[in-house]
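S.K.: Sending over coords-v5.txt (compact mmCIF, C-alpha atoms).
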```
# COMPACT_ATOMS: atom_id res chain seq x y z
CA MET J 1 147.68 138.98 110.98
CA ILE J 2 147.42 140.58 114.41
CA LEU J 3 143.90 140.35 115.75
CA PRO J 4 143.15 139.79 119.43
CA GLY J 5 141.89 136.24 119.95
CA PHE J 6 143.09 135.09 116.57
CA GLY J 7 146.86 134.77 116.38
CA LEU J 8 149.21 132.13 115.05
CA VAL J 9 147.30 129.16 116.43
CA SER J 10 144.21 130.07 114.44
CA GLN J 11 146.31 130.80 111.38
CA ASP J 12 147.90 127.37 111.66
CA LYS J 13 144.48 125.73 111.96
CA LEU J 14 143.36 127.49 108.79
CA ARG J 15 146.52 126.44 106.97
CA SER J 16 145.96 122.78 107.78
CA ALA J 17 142.21 122.90 107.05
CA LYS J 18 140.61 121.23 104.05
CA VAL J 19 137.34 122.69 102.76
CA LEU J 20 135.15 121.57 99.88
CA ILE J 21 132.98 124.18 98.17
CA VAL J 22 130.21 122.68 96.06
CA GLY J 23 128.96 125.17 93.47
CA MET J 24 130.89 128.15 92.08
CA GLY J 25 127.92 130.48 91.91
CA GLY J 26 126.76 133.51 93.80
CA LEU J 27 127.44 131.81 97.15
CA GLY J 28 130.49 129.72 96.32
CA CYS J 29 132.53 132.48 94.66
CA PRO J 30 132.70 134.90 97.61
CA ALA J 31 133.12 132.00 100.05
CA LEU J 32 136.11 130.76 98.03
CA GLN J 33 137.72 134.17 97.74
CA TYR J 34 137.52 134.87 101.47
CA LEU J 35 138.72 131.41 102.47
CA VAL J 36 141.74 131.60 100.19
CA ALA J 37 142.50 135.11 101.47
CA ALA J 38 142.16 133.85 105.06
CA GLY J 39 144.84 131.25 104.41
CA VAL J 40 142.90 127.98 104.26
CA GLY J 41 145.40 125.35 103.15
CA LYS J 42 143.41 123.15 100.81
CA ILE J 43 140.15 123.93 99.03
CA GLY J 44 138.21 121.71 96.67
CA ILE J 45 136.00 123.54 94.19
CA MET J 46 133.26 121.85 92.28
CA ASP J 47 130.96 122.96 89.45
CA ALA J 48 130.12 121.58 86.03
CA ASP J 49 129.10 124.93 84.53
CA GLN J 50 130.76 127.54 82.38
CA VAL J 51 130.89 131.26 83.11
CA SER J 52 127.82 132.90 81.59
CA ALA J 53 126.81 136.55 81.13
CA SER J 54 123.65 136.11 83.21
CA ASN J 55 125.59 135.31 86.37
CA LEU J 56 128.30 137.99 86.29
CA HIS J 57 126.17 140.28 88.51
CA ARG J 58 126.50 137.87 91.41
CA GLN J 59 129.70 135.99 90.67
CA LEU J 60 132.27 138.77 90.88
CA LEU J 61 135.16 136.33 90.64
CA PHE J 62 134.48 136.11 86.90
CA ASN J 63 134.47 138.71 84.13
CA ALA J 64 133.00 139.04 80.66
CA SER J 65 136.18 137.88 78.90
CA GLU J 66 135.82 134.49 80.60
CA ILE J 67 132.30 133.73 79.37
CA GLY J 68 132.15 130.15 78.11
CA GLN J 69 135.17 128.98 80.11
CA ASN J 70 134.80 126.40 82.84
CA LYS J 71 134.15 128.13 86.17
CA VAL J 72 136.31 125.80 88.23
CA VAL J 73 139.29 126.14 85.90
CA VAL J 74 139.08 129.95 85.89
CA ALA J 75 138.60 130.07 89.68
CA ALA J 76 141.60 127.80 90.34
CA VAL J 77 143.94 130.01 88.29
CA LYS J 78 142.75 133.16 90.04
CA MET J 79 142.99 131.68 93.51
CA ASN J 80 146.55 130.56 92.93
CA GLN J 81 147.34 134.14 91.93
CA LEU J 82 145.77 135.38 95.16
CA ASP J 83 147.78 132.94 97.31
CA ASN J 84 150.18 130.53 95.68
CA ALA J 85 150.44 128.49 98.89
CA VAL J 86 146.81 127.40 98.67
CA LEU J 87 146.16 123.98 97.22
CA ILE J 88 143.11 124.01 94.96
CA ASP J 89 141.52 120.69 93.98
CA SER J 90 139.46 121.21 90.83
CA TYR J 91 136.32 119.19 90.21
CA PRO J 92 134.82 120.51 86.95
CA PHE J 93 131.73 118.34 87.25
CA ALA J 94 128.64 118.05 89.42
CA LEU J 95 128.38 116.29 92.75
CA ASN J 96 126.36 113.08 92.46
CA LYS J 97 125.50 110.07 94.55
CA GLN J 98 128.40 108.07 93.17
CA ASN J 99 131.19 110.61 93.63
CA ALA J 100 129.97 112.42 96.76
CA PRO J 101 131.30 110.03 99.45
CA GLU J 102 134.66 109.58 97.72
CA ILE J 103 135.23 113.32 97.36
CA ILE J 104 133.73 114.62 100.60
CA LYS J 105 135.72 112.20 102.77
CA ASN J 106 138.91 114.10 101.87
CA TYR J 107 137.73 117.34 103.50
CA ASP J 108 137.02 118.61 107.01
CA LEU J 109 133.87 120.45 106.04
CA VAL J 110 131.66 121.28 103.08
CA ILE J 111 130.31 124.64 102.01
CA ASP J 112 127.06 124.44 100.08
CA GLY J 113 127.08 126.88 97.19
CA THR J 114 124.50 124.99 95.18
CA ASP J 115 121.27 126.32 93.74
CA ASN J 116 118.93 123.35 93.88
CA PHE J 117 117.34 121.09 96.44
CA SER J 118 118.59 117.77 95.15
CA ALA J 119 122.19 118.96 95.57
CA LYS J 120 121.50 120.29 99.08
CA TYR J 121 119.90 117.00 100.17
CA LEU J 122 122.76 115.07 98.59
CA ILE J 123 125.32 117.16 100.49
CA ASN J 124 123.33 116.73 103.69
CA ASP J 125 122.95 112.98 103.46
CA ALA J 126 126.55 112.38 102.35
CA CYS J 127 127.84 114.57 105.21
CA VAL J 128 125.67 112.72 107.74
CA LEU J 129 126.98 109.43 106.38
CA LEU J 130 130.60 110.60 106.65
CA ASN J 131 130.22 112.61 109.89
CA LYS J 132 131.26 115.89 108.27
CA PRO J 133 129.83 119.29 109.17
CA TRP J 134 128.52 121.46 106.36
CA VAL J 135 127.57 125.10 105.99
CA TYR J 136 124.20 125.55 104.32
CA GLY J 137 123.41 128.75 102.48
CA ALA J 138 120.55 129.69 100.17
CA VAL J 139 118.70 132.74 98.92
CA SER J 140 115.13 133.50 97.87
CA ARG J 141 113.78 136.86 96.76
CA TYR J 142 115.42 139.38 99.12
CA GLN J 143 116.24 136.92 101.88
CA GLY J 144 118.95 134.43 102.67
CA GLN J 145 119.19 131.40 104.95
CA LEU J 146 122.28 130.20 106.71
CA CYS J 147 123.01 127.30 109.04
CA VAL J 148 125.79 124.94 110.06
CA PHE J 149 124.58 121.34 110.00
CA ASN J 150 125.77 118.00 111.30
CA LEU J 151 128.21 119.27 113.86
CA ALA J 152 129.42 116.41 116.05
CA GLU J 153 128.74 117.41 119.64
CA GLN J 154 128.74 115.44 122.82
CA ASP J 155 125.40 114.46 124.35
CA THR J 156 123.12 115.86 121.66
CA PRO J 157 122.37 114.19 118.34
CA ALA J 158 123.63 116.25 115.40
CA ILE J 159 121.04 118.42 113.66
CA ASN J 160 120.87 118.06 109.91
CA TYR J 161 118.88 119.62 107.06
CA ARG J 162 116.25 116.88 107.17
CA ASP J 163 115.32 118.01 110.69
CA LEU J 164 114.14 121.25 109.09
CA PHE J 165 112.62 119.81 105.93
CA PRO J 166 112.50 116.00 105.98
CA VAL J 167 111.52 115.77 102.31
CA ALA J 168 112.80 117.88 99.44
CA PRO J 169 110.13 120.01 97.78
CA GLY J 170 109.04 118.97 94.29
CA SER J 171 111.04 120.74 91.62
CA GLY J 172 108.05 122.80 90.57
CA GLU J 173 107.38 124.12 94.07
CA ILE J 174 110.26 126.51 94.59
CA LYS J 175 111.91 128.50 91.83
CA THR J 176 115.66 129.05 91.54
CA CYS J 177 117.55 132.35 91.15
CA GLU J 178 117.91 131.74 87.46
CA GLU J 179 114.14 131.66 87.15
CA THR J 180 113.23 134.48 89.52
CA GLY J 181 116.31 136.71 89.59
CA VAL J 182 118.18 137.92 92.63
CA ILE J 183 120.07 141.06 93.63
CA GLY J 184 123.73 140.06 93.27
CA VAL J 185 124.76 141.48 96.64
CA LEU J 186 122.43 139.07 98.51
CA PRO J 187 124.25 135.80 97.70
CA GLY J 188 127.43 137.86 98.18
CA ILE J 189 126.42 138.52 101.79
CA ILE J 190 125.27 134.96 102.48
CA GLY J 191 128.31 133.36 100.77
CA THR J 192 130.60 135.65 102.77
CA MET J 193 128.80 134.66 105.97
CA GLN J 194 129.27 130.99 105.02
CA ALA J 195 133.01 131.69 104.78
CA ALA J 196 132.86 133.35 108.22
CA GLU J 197 131.11 130.29 109.69
CA ALA J 198 133.72 128.01 108.08
CA ILE J 199 136.53 130.09 109.62
CA LYS J 200 134.83 129.92 113.04
CA LEU J 201 134.32 126.19 112.66
CA ILE J 202 137.98 125.63 111.79
CA THR J 203 139.45 127.91 114.46
CA GLY J 204 136.89 127.31 117.21
CA LEU J 205 136.30 131.05 117.52
CA GLY J 206 132.92 132.41 118.60
CA LYS J 207 129.49 130.83 118.43
CA LEU J 208 128.43 129.05 115.27
CA ILE J 209 125.03 129.35 113.61
CA TYR J 210 124.22 125.85 114.77
CA GLY J 211 120.91 124.57 116.09
CA ARG J 212 119.26 127.69 114.74
CA LEU J 213 118.29 128.82 111.27
CA PHE J 214 119.56 132.31 110.51
CA ASN J 215 117.35 134.27 108.12
CA TYR J 216 118.71 137.51 106.66
CA ASP J 217 116.39 140.09 105.12
CA LEU J 218 118.13 142.50 102.79
CA LEU J 219 115.21 144.93 102.50
CA ARG J 220 114.80 145.23 106.25
CA ALA J 221 118.55 144.96 106.87
CA GLY J 222 117.60 142.64 109.69
CA SER J 223 117.76 139.04 110.72
CA TYR J 224 115.40 136.50 112.26
CA GLU J 225 116.53 133.35 113.99
CA ILE J 226 114.61 130.16 114.64
CA ALA J 227 115.75 127.48 117.08
CA ILE J 228 115.67 124.13 115.28
CA ALA J 229 114.04 121.16 116.97
CA LYS J 230 115.41 117.71 116.27
CA GLN J 231 112.65 115.66 114.63
CA ASP J 232 110.75 113.45 117.10
CA ASN J 233 111.49 110.44 114.95
CA PRO J 234 114.81 111.43 113.42
CA LEU J 235 115.57 109.83 110.11
CA MET J 236 118.22 107.17 109.98
CA ILE J 237 120.42 108.40 107.16
CA ASP J 238 122.49 105.29 106.63
CA ARG J 239 124.05 103.57 103.64
CA ASP J 240 120.73 101.89 102.68
CA PHE J 241 118.89 105.18 102.79
CA PHE J 242 121.59 106.93 100.78
CA GLU J 243 121.74 104.20 98.15
CA SER J 244 117.98 104.20 97.66
CA MET J 245 117.63 107.96 97.16
CA ASN J 246 117.55 109.49 93.72
CA TYR J 247 119.04 113.03 94.19
CA VAL J 248 118.20 114.05 90.66
CA GLU J 249 116.07 117.05 89.89
CA ASP J 250 113.26 115.57 87.90
CA CYS J 251 111.26 118.13 85.98
CA VAL J 252 108.24 115.91 85.42
CA MET J 253 107.69 115.45 89.12
CA GLU J 254 104.76 117.18 90.68
CA ALA J 255 104.34 117.70 94.36
CA ASP J 256 100.68 118.56 94.33
CA GLY J 257 98.07 116.10 95.34
CA ILE J 258 100.11 113.71 97.45
CA GLU J 259 98.45 113.01 100.74
CA GLU J 260 100.71 112.27 103.67
CA ILE J 261 98.63 110.21 106.05
CA ASN J 262 99.05 109.18 109.67
CA VAL J 263 99.02 105.64 111.05
CA ALA J 264 95.31 105.72 111.96
CA THR J 265 94.33 106.71 108.42
CA PHE J 266 96.72 104.13 107.05
CA ASN J 267 95.08 101.40 109.10
CA SER J 268 91.70 102.21 107.61
CA LEU J 269 93.08 102.47 104.07
CA ARG J 270 95.10 99.28 104.11
CA THR J 271 92.00 97.15 104.70
CA ASN J 272 90.06 98.95 101.97
CA PRO J 273 89.91 96.72 98.85
CA ASN J 274 90.02 99.79 96.60
CA VAL J 275 93.41 100.78 97.94
CA PHE J 276 96.62 99.17 96.72
CA VAL J 277 99.33 99.14 99.39
CA LEU J 278 102.79 99.43 97.84
CA ASP J 279 106.01 98.87 99.79
CA VAL J 280 108.96 100.65 98.10
CA ARG J 281 111.71 99.39 100.41
CA GLU J 282 114.62 97.46 98.98
CA ARG J 283 114.17 93.70 99.24
CA HIS J 284 116.74 93.16 101.99
CA GLU J 285 115.11 95.66 104.36
CA TYR J 286 113.50 94.47 107.56
CA PRO J 287 111.05 93.80 108.97
CA ALA J 288 109.00 91.75 106.52
CA ILE J 289 105.34 92.79 106.54
CA ASP J 290 102.18 90.96 105.54
CA PHE J 291 99.93 93.93 104.79
CA SER J 292 101.29 95.21 101.49
CA ASP J 293 99.90 94.23 98.09
CA ALA J 294 103.28 94.48 96.40
CA GLN J 295 106.91 95.33 97.06
CA ILE J 296 108.63 97.29 94.31
CA PRO J 297 111.92 98.85 95.43
CA MET J 298 112.31 102.54 94.66
CA SER J 299 115.17 101.69 92.31
CA GLU J 300 112.83 99.63 90.10
CA LEU J 301 109.66 101.65 90.43
CA GLN J 302 109.98 103.71 87.25
CA ASP J 303 109.80 100.59 85.08
CA SER J 304 106.81 99.16 86.94
CA ILE J 305 104.44 102.13 87.13
CA ALA J 306 102.43 100.98 84.11
CA LYS J 307 101.77 97.64 85.81
CA LEU J 308 100.16 99.14 88.92
CA PRO J 309 96.41 98.47 89.19
CA GLU J 310 93.75 101.11 88.59
CA LYS J 311 93.28 101.78 92.29
CA GLU J 312 94.19 104.37 94.84
CA ILE J 313 97.78 103.70 95.87
CA CYS J 314 99.09 103.92 99.39
CA ILE J 315 102.89 103.88 99.55
CA ILE J 316 104.96 102.83 102.51
CA CYS J 317 108.69 102.69 103.21
CA HIS J 318 110.99 102.60 106.22
CA GLN J 319 110.69 106.24 107.30
CA GLY J 320 108.19 107.94 105.02
CA ILE J 321 110.69 109.79 102.86
CA ARG J 322 111.19 107.52 99.89
CA SER J 323 107.43 106.97 99.81
CA VAL J 324 106.91 110.70 99.13
CA TYR J 325 109.33 110.58 96.20
CA ALA J 326 107.66 107.39 94.98
CA ALA J 327 104.24 109.02 95.32
CA ARG J 328 105.41 111.98 93.24
CA LEU J 329 106.79 109.68 90.59
CA ILE J 330 103.54 107.73 90.35
CA LYS J 331 101.41 110.87 90.49
CA SER J 332 103.36 112.38 87.59
CA GLN J 333 102.40 109.43 85.38
CA ARG J 334 99.12 108.13 86.72
CA HIS J 335 95.87 109.90 87.48
CA VAL J 336 95.11 108.11 90.71
CA ARG J 337 94.88 109.18 94.30
CA VAL J 338 98.24 108.58 95.98
CA TYR J 339 99.01 108.44 99.69
CA SER J 340 102.27 108.27 101.60
CA LEU J 341 102.47 106.98 105.17
CA LYS J 342 104.09 109.77 107.18
CA GLY J 343 106.92 108.44 109.31
CA GLY J 344 106.81 105.16 107.41
CA LEU J 345 106.93 101.76 109.03
CA THR J 346 108.94 103.26 111.88
CA ALA J 347 105.87 105.27 112.87
CA TYR J 348 103.59 102.31 112.18
CA PHE J 349 105.40 99.93 114.51
CA LYS J 350 105.88 102.61 117.13
CA GLU J 351 102.13 103.12 117.23
CA ALA J 352 101.41 99.40 117.23
CA LEU J 353 103.43 98.86 120.40
CA MET X 1 93.92 138.13 121.40
CA ARG X 2 96.53 139.28 118.96
CA ILE X 3 98.97 137.08 117.11
CA HIS X 4 101.69 138.27 114.76
CA VAL X 5 102.22 136.06 111.70
CA LEU X 6 105.38 136.41 109.58
CA PHE X 7 105.77 135.10 106.02
CA PHE X 8 109.28 134.42 104.77
CA GLY X 9 110.87 133.95 101.35
CA SER X 10 108.60 133.03 98.46
CA LEU X 11 105.54 132.66 100.72
CA THR X 12 104.92 136.36 100.11
CA ASP X 13 104.03 135.37 96.53
CA ALA X 14 100.88 133.93 98.07
CA THR X 15 100.31 136.47 100.82
CA VAL X 16 101.67 139.63 99.16
CA VAL X 17 102.29 141.12 102.61
CA PRO X 18 105.26 140.08 104.77
CA ASP X 19 103.19 139.84 107.95
CA ILE X 20 99.68 140.09 109.39
CA TYR X 21 98.04 140.31 112.80
CA LEU X 22 95.20 137.95 113.73
CA GLU X 23 92.75 138.43 116.54
CA THR X 24 91.59 134.93 117.41
CA VAL X 25 93.14 131.64 116.51
CA ALA X 26 93.39 128.73 118.89
CA ASP X 27 96.41 126.84 117.66
CA THR X 28 98.81 126.38 114.76
CA ALA X 29 96.54 123.86 113.00
CA ALA X 30 93.65 126.35 113.04
CA LEU X 31 96.03 129.06 111.90
CA LYS X 32 97.09 127.00 108.88
CA GLU X 33 93.44 126.45 107.88
CA LEU X 34 92.64 130.12 108.33
CA LEU X 35 95.63 131.18 106.25
CA ILE X 36 94.71 128.78 103.43
CA GLN X 37 91.23 130.32 103.29
CA GLN X 38 92.72 133.79 103.16
CA TYR X 39 95.61 132.91 100.81
CA PRO X 40 94.66 129.80 98.76
CA LEU X 41 98.12 129.57 97.19
CA LEU X 42 99.52 128.65 100.60
CA ARG X 43 97.81 125.26 100.37
CA THR X 44 100.57 123.81 98.23
CA ALA X 45 103.42 125.83 99.74
CA LYS X 46 106.08 124.04 101.74
CA TYR X 47 107.14 125.55 105.03
CA PHE X 48 107.69 124.82 108.69
CA ILE X 49 106.17 126.73 111.57
CA ALA X 50 107.98 128.44 114.41
CA VAL X 51 106.26 129.86 117.46
CA ASN X 52 108.21 132.60 119.22
CA GLN X 53 111.32 131.71 117.21
CA LYS X 54 111.18 128.01 118.07
CA MET X 55 110.39 125.45 115.41
CA VAL X 56 107.31 123.35 116.27
CA GLN X 57 106.36 119.98 114.80
CA GLU X 58 103.10 119.26 116.55
CA ASN X 59 99.96 121.39 116.73
CA THR X 60 100.73 124.14 119.24
CA THR X 61 98.33 126.30 121.26
CA LEU X 62 98.62 130.02 120.58
CA LYS X 63 98.19 132.87 123.03
CA THR X 64 98.10 136.65 122.85
CA GLY X 65 101.43 138.15 121.99
CA ASP X 66 102.78 135.08 120.19
CA THR X 67 104.73 135.49 116.98
CA VAL X 68 104.30 132.73 114.42
CA ALA X 69 106.75 132.41 111.53
CA LEU X 70 106.08 130.43 108.35
CA MET X 71 109.48 129.52 106.96
CA PRO X 72 109.87 127.88 103.54
CA PRO X 73 113.06 126.21 102.29
CA PHE X 74 115.26 128.36 100.04
CA SER X 75 117.29 126.90 97.23
CA GLY X 76 118.79 129.79 95.29
CA GLY X 77 122.52 130.32 95.05
```
Hey, can you dump this file as structure tokens for me?
M.R.:
Amino acid sequence: MILPGFGLVSQDKLRSAKVLIVGMGGLGCPALQYLVAAGVGKIGIMDADQVSASNLHRQLLFNASEIGQNKVVVAAVKMNQLDNAVLIDSYPFALNKQNAPEIIKNYDLVIDGTDNFSAKYLINDACVLLNKPWVYGAVSRYQGQLCVFNLAEQDTPAINYRDLFPVAPGSGEIKTCEETGVIGVLPGIIGTMQAAEAIKLITGLGKLIYGRLFNYDLLRAGSYEIAIAKQDNPLMIDRDFFESMNYVEDCVMEADGIEEINVATFNSLRTNPNVFVLDVRERHEYPAIDFSDAQIPMSELQDSIAKLPEKEICIICHQGIRSVYAARLIKSQRHVRVYSLKGGLTAYFKEAL
Amino acid sequence: MRIHVLFFGSLTDATVVPDIYLETVADTAALKELLIQQYPLLRTAKYFIAVNQKMVQENTTLKTGDTVALMPPFSGG
């Protein structure tokens, strides 16, 4: 390859790079094809699904004769035909909380080719935990979003997906491609751009889509960029946080009707005898507080919902994330007013000082 | 006073149009209220707000010529 500014050094970097692509769908397929063609040395590919007729319009790696076969298995064979020097690690199953750290730690970066929020938040949190950058991509209607997250830089704290959207939307809030349909070329464009960002990240060429959300509009053939601000109270995504999250798309969850309240409102609610204050932190978490009516860790909440009193419930946790998920869970099973303290106890103690 | 408001992704399900111009609105909190009155489906929509292509977290004063973007999360792939 003779391209000014590229050369052997870049080619060598690509050859020694290790990339994990999660999801072999409309985004993951083109990303994989371009990265193999570019000479990336080792690529992990992950997807539990089989090739189906309904996704052939946007997953051009596959054809009708492969319907019913495992996507990852088919993709691995084809990629070895494209470049027999590439090492493909096949993971014919879904990423989950248990396997994510073990798998992701073997790669330099992750490309998100998933089609649901729980997977995107799982990738984000696992990458933050392991200090790995990841390339986010997603489509909706005729638009796509693209961003590199969690890039280790000097001086500035790394920006991650939770700086944009601290809490995942409820599963009923945003529909997936399978439900709404998408023009196949759109994820093709976004997935190809994710491959381009990965190549830039590996080689150090150019300016990454980092610190800004890139929005592509197919109908306008234009783009719109938004500079991302680090959250004022950035979340601590540590092992405790990761362990306590659920990362499972739960179809019974409803997002409607949960009130995120500020510290002032919380202070008036917590002294109201008609409001039950529930702490959903794990038992070893500090600091201990004396203003909750009960502590039921998120991991045990499902089994205890029936035992909650017939009162309005105000949920608190460390940072106000788990409490939203807990509020959704309770709301889906109980017809009571449910509140979540925004910013959690971190915000509470900050205000109290 | 003239403010350009852009709706991205699935927010156009609620608004139908991709953008509107508003004559008077003091800040982003007032804008949100106004938009909910005009497009009730926006009440439950999830999005962040950017003023002049910069994400804002707190209520932000608006002035003539500002462009406000409502950006929802996308999840399709």
S.K.: Write out as CSV the residues of chain J that have any atom within 6 Å of an atom of chain X, one row each with the nearest atom pair and its distance in Å to one decimal, counting all atoms listed in the file, sorted by chain and then rising number.
M.R.:
```
residue,atom,partner,partner_atom,distance
J:Gly26,CA,X:Gly77,CA,5.5
J:Leu27,CA,X:Gly77,CA,5.6
J:Thr114,CA,X:Gly77,CA,5.7
J:Asp115,CA,X:Gly77,CA,4.4
J:Asn116,CA,X:Ser75,CA,5.1
J:Phe117,CA,X:Ser75,CA,5.9
J:Ala138,CA,X:Gly76,CA,5.2
J:Val139,CA,X:Gly76,CA,4.7
J:Ser140,CA,X:Gly9,CA,5.5
J:Thr176,CA,X:Gly76,CA,4.9
J:Cys177,CA,X:Gly76,CA,5.0
J:Ile226,CA,X:Gln53,CA,4.5
J:Ala227,CA,X:Lys54,CA,4.7
J:Ile228,CA,X:Met55,CA,5.4
J:Ala229,CA,X:Met55,CA,5.8
```
S.K.: When you look at X:Val25 with a cut-off of 12 Å (counting all atoms listed in the file), what residues show up, excluding the ones that are within fewer than 6 positions of it in the same chain? I need them as a count of residues only.
M.R.: 18
S.K.: Set the distance at 12 Å and use only C-alpha atoms: which residues neighbour J:Asn84 once local chain neighbours fewer than 6 positions away are removed? I'd like the list as a ChimeraX atom specification.
M.R.: /J:36-37,39-42,76-78
S.K.: Could you write out the selected residues, including C-alpha atoms, as a PDB file, in the coordinates of the input?
M.R.:
```pdb
ATOM      1  CA  VAL J  36     141.740 131.600 100.190  1.00  0.00           C
ATOM      2  CA  ALA J  37     142.500 135.110 101.470  1.00  0.00           C
ATOM      3  CA  GLY J  39     144.840 131.250 104.410  1.00  0.00           C
ATOM      4  CA  VAL J  40     142.900 127.980 104.260  1.00  0.00           C
ATOM      5  CA  GLY J  41     145.400 125.350 103.150  1.00  0.00           C
ATOM      6  CA  LYS J  42     143.410 123.150 100.810  1.00  0.00           C
ATOM      7  CA  ALA J  76     141.600 127.800  90.340  1.00  0.00           C
ATOM      8  CA  VAL J  77     143.940 130.010  88.290  1.00  0.00           C
ATOM      9  CA  LYS J  78     142.750 133.160  90.040  1.00  0.00           C
TER      10      LYS J  78
END
```
S.K.: Put the listed atoms of stretch 31-45 of chain J in a box along x, y and z with 6 Å added on every side and give me the centre and edge lengths in Å to one decimal, as lines of an AutoDock Vina configuration file.
M.R.:
```
center_x = 139.3
center_y = 128.4
center_z = 99.6
size_x = 24.3
size_y = 25.4
size_z = 22.9
```
S.K.: State, in Å with one decimal place, the distance from atom CA of J:Met245 to atom CA of J:Arg322.
M.R.: 7.0 Å
S.K.: List the spatial neighbours of J:Glu197 as a VMD selection string - criterion: any atom at most 9 Å away, only C-alpha atoms, same-chain residues fewer than 5 positions off excluded.
M.R.: chain J and resid 135 147 to 148 192 202 207 to 209
S.K.: Would you list the contacts of stretch 4-15 of chain J as a PyMOL selection string, taking every protein, DNA or RNA residue within 12 Å and counting only C-alpha atoms, but skipping same-chain residues closer than 5 positions in sequence?
M.R.: chain J and resi 34-43+83+85-87+108+195+198-206
S.K.: One number please: atom CA of J:Val110 to atom CA of J:Asp125, in Å, one decimal.
M.R.: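 Going from atom CA of J:Val110 over to atom CA of J:Asp125, I get 12.0 Å.
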S.K.: Using only C-alpha atoms, which of J:Glu225, J:Glu351, J:Glu312, J:Asp232 sits nearest J:Gly144?
M.R.: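 Looking only at the distances to J:Gly144, the closest residue turns out to be J:Glu225.
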S.K.: Using all atoms listed in the file, which protein or nucleic acid residues come within 6 Å of J:Met46? Drop anything in the same chain fewer than 2 positions from it, and give the result as a PDB file with C-alpha atoms, in the frame of the given file.
M.R.:
```
ATOM      1  CA  VAL J  22     130.210 122.680  96.060  1.00  0.00           C
ATOM      2  CA  GLY J  23     128.960 125.170  93.470  1.00  0.00           C
ATOM      3  CA  TYR J  91     136.320 119.190  90.210  1.00  0.00           C
ATOM      4  CA  PRO J  92     134.820 120.510  86.950  1.00  0.00           C
TER       5      PRO J  92
END
```
S.K.: At what distance in Å, to one decimal, does atom CA of J:Leu341 lie from atom CA of J:Glu300?
M.R.: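 Between atom CA of J:Glu300 and atom CA of J:Leu341 the gap works out to 19.7 Å.
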S.K.: Between J:Pro169, J:Pro157, J:Gly181, J:Pro101, which one has atoms that come closest to J:Leu122, using only C-alpha atoms?
M.R.: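 Nearest candidate to J:Leu122 out of J:Pro169, J:Pro157, J:Gly181, J:Pro101: J:Pro101.
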